[in-house]
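To keep things clear, I will list the structure first and then write my remarks on it.
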Amino acid sequence: MVLDEPRRPLRAADLTVPAVGEGELLLEVAACGVCRTDLHVVDGELTEPKLPLVPGHQIVGRVVEGGERHAVGDRVGVPWLGWTCGVCRYCRSGRENLCDRASFTGYNRDGGYAELAVADERFCFPIPEGYPDLQAAPLLCAGLIGYRTLKLAGDAERLGIYGFGAAAHIVCQVARHQGRRVFAFTRASDAPTQRFALELGAEWAGDALGPAPEELDAALIFAPAGELVPAALRAVAKGGTVVCGGIHMSDIPSLPYELLWGERTLRSVANLTRADGEEFLALAPQVPVRTEIETFALEEAGDALDRLRTGSIRGAAVLVL
Ligand SMILES: [Zn+2]
Ligand SMILES: [Zn+2]
């Protein structure tokens, strides 16, 4: 499926087999997760996509050709971070997620909404055994970047999660495994999502813009709504941290300094490092993280994105090839 221009529907296309460069793998795609970031690309909120573009950055595929680290037939996962320069000050200090020249799968490079995909093998991960292809796909972004978001919350015991979609449903399981208490904040009227959060171990679920049931030590915001920032700052205790987990968010409303006062921290998460991926994919089977998915055929990618836009996916959407 191809994006010709932002804000245009994806188009089904017969593409030629992509060229495989040195150090790259040609993959037969088995599944590709649909991420909110794909929606930001398609909707033009991320403004510099390669065009035309094959979106998709949660690829589970099998190696057809190329590579030294992975053999033909191996199952690998391709995440959002597609390439980094290795020489800039960020890359040299273990922060390749911030690389100035990074390129991203399904944004600057063609992604996995296709039967075949090409990826730099240094940025591909082996998928833990025991995860079927479809259940593995959401681990590759919702899981990885969700996990990085959770790490940036430090050792917070009382954790608020704002927006309970694909990333949150994975992070909730990891946080419970780590012995944290989880509070899920959703749209006030969204009873199905609140029930879903409670089933996954949250001890409370309710209105994101209403009062929290008790003080939080940290809040993770996965919904792209700027008005959640003052709400989350209001909910965290002194010394608490609010982490914005998405790549795009609507404008944050003006807020009184007293919401930040008391050594509260407000920060964002950008992308992932390969170390995050290795750490999370080793941890996931131990929890064990179980992903809840809703499947779509490749040609239904546009429908999956529409459902994501309205917040009506339970867990994660995955395209099946
Ligand atoms: Zn770099
Ligand atoms: Zn993503």
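Chain labels follow the order of the structure tokens: the first chain is A, the next B, and so on; residue numbering restarts at 1 in every chain, and ligands are counted from 1 in their shown order.
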Determine, using only C-alpha atoms, which residues of region 97-155 of chain A have any atom at most 7 Å from an atom of region 64-81 of chain A, and tabulate each with its shortest atom pair and distance in Å to one decimal place, rows ordered by chain and then rising number, as a Markdown table.
| residue | atom | partner | partner_atom | distance |
| --- | --- | --- | --- | --- |
| A:Ser103 | CA | A:Leu81 | CA | 6.7 |
| A:Phe104 | CA | A:Leu81 | CA | 4.9 |
| A:Thr105 | CA | A:Trp80 | CA | 4.9 |
| A:Glu121 | CA | A:Gly67 | CA | 6.4 |
| A:Phe123 | CA | A:Val78 | CA | 7.0 |
| A:Cys124 | CA | A:Val78 | CA | 5.0 |
| A:Phe125 | CA | A:Gly77 | CA | 5.1 |
| A:Pro126 | CA | A:Val76 | CA | 4.6 |
| A:Ile127 | CA | A:Val76 | CA | 5.6 |
| A:Leu140 | CA | A:Pro79 | CA | 5.3 |
| A:Cys141 | CA | A:Pro79 | CA | 6.2 |
Write out as a CSV table (one decimal) with C-alpha atoms, in the first residue's frame each polymer residue whose atoms come within 9 Å of region 283-285 of chain A, counting only C-alpha atoms; drop sequence neighbours fewer than 3 positions from it.
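Produced file result-v8.csv, reproduced below:
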chain,number,residue,atom,x,y,z
A,128,PRO,CA,11.5,-14.2,20.7
A,129,GLU,CA,10.3,-17.8,20.1
A,130,GLY,CA,6.9,-18.4,21.4
A,131,TYR,CA,5.4,-15.3,19.8
A,139,LEU,CA,6.1,-5.5,20.3
A,143,GLY,CA,6.3,-2.5,22.9
A,174,VAL,CA,5.4,-4.8,32.2
A,278,GLU,CA,17.3,-6.0,22.9
A,279,GLU,CA,16.4,-5.3,26.5
A,280,PHE,CA,12.6,-5.3,25.9
A,288,PRO,CA,5.1,-12.7,29.7
A,289,VAL,CA,3.6,-9.8,27.6
A,290,ARG,CA,0.5,-11.0,25.7
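Neighbouring residues of Met1 (chain A) at 6 Å or closer, counting only C-alpha atoms and skipping chain neighbours under 6 positions away, are Leu10, Arg11, Ala12, Val54 and Tyr113 of chain A.
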Neighbours of ligand 2 at 7 Å or closer, counting only C-alpha atoms and all ligand atoms: which residues, as a PDB file with C-alpha atoms, in the first residue's frame?
ATOM      1  CA  CYS A  35       0.997   2.420  14.772  1.00  0.00           C
ATOM      2  CA  ARG A  36      -0.357   5.841  15.619  1.00  0.00           C
ATOM      3  CA  THR A  37       2.816   7.248  14.077  1.00  0.00           C
ATOM      4  CA  ASP A  38       1.666   5.824  10.719  1.00  0.00           C
ATOM      5  CA  HIS A  57       7.404   0.103  11.002  1.00  0.00           C
ATOM      6  CA  TRP A  80      11.006   2.388  13.537  1.00  0.00           C
ATOM      7  CA  CYS A 141       7.017  -0.202  18.355  1.00  0.00           C
ATOM      8  CA  ALA A 142       4.149  -0.156  20.824  1.00  0.00           C
TER       9      ALA A 142
END
Considering only C-alpha atoms, tabulate each residue of region 123-176 of chain A that lies at most 7 Å from region 238-254 of chain A along with its nearest interatomic pair and the corresponding distance in Å to one decimal; arrange the rows by chain and ascending residue number and present them as CSV.
residue,atom,partner,partner_atom,distance
A:Gly146,CA,A:Gly245,CA,7.0
A:Thr149,CA,A:Gly245,CA,5.8
A:Ala153,CA,A:Thr241,CA,6.1
Residues of chain A within 6 Å of ligand 1: nearest atom pair and distance (Å, one decimal) for each, counting only C-alpha atoms and all ligand atoms, sorted by chain and number, as a tab-separated table?
residue	atom	partner	partner_atom_place_in_ligand_line	distance
A:Thr84	CA	ligand 1	1 (Zn)	5.1
A:Cys85	CA	ligand 1	1 (Zn)	4.0
A:Gly86	CA	ligand 1	1 (Zn)	4.8
A:Val87	CA	ligand 1	1 (Zn)	5.3
A:Cys88	CA	ligand 1	1 (Zn)	4.1
A:Tyr90	CA	ligand 1	1 (Zn)	5.7
A:Cys91	CA	ligand 1	1 (Zn)	4.3
A:Glu96	CA	ligand 1	1 (Zn)	5.9
A:Cys99	CA	ligand 1	1 (Zn)	3.7
A:Asp100	CA	ligand 1	1 (Zn)	5.5
A:Arg101	CA	ligand 1	1 (Zn)	5.7
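Proximity ranking of A:Ala117, A:Ile59, A:Leu53, A:Ala225 relative to Leu26 (chain A) places A:Ala117 first, based on only C-alpha atoms.
Residues in contact with Gly44 (chain A) at up to 12 Å, not including ones fewer than 6 positions away on its chain and judged by only C-alpha atoms, are Leu3, Asp4, Glu5, Pro6, Arg7, Arg8, Pro9, Thr37, Asp38, Lys50, Leu51, Tyr107 and His248 of chain A.
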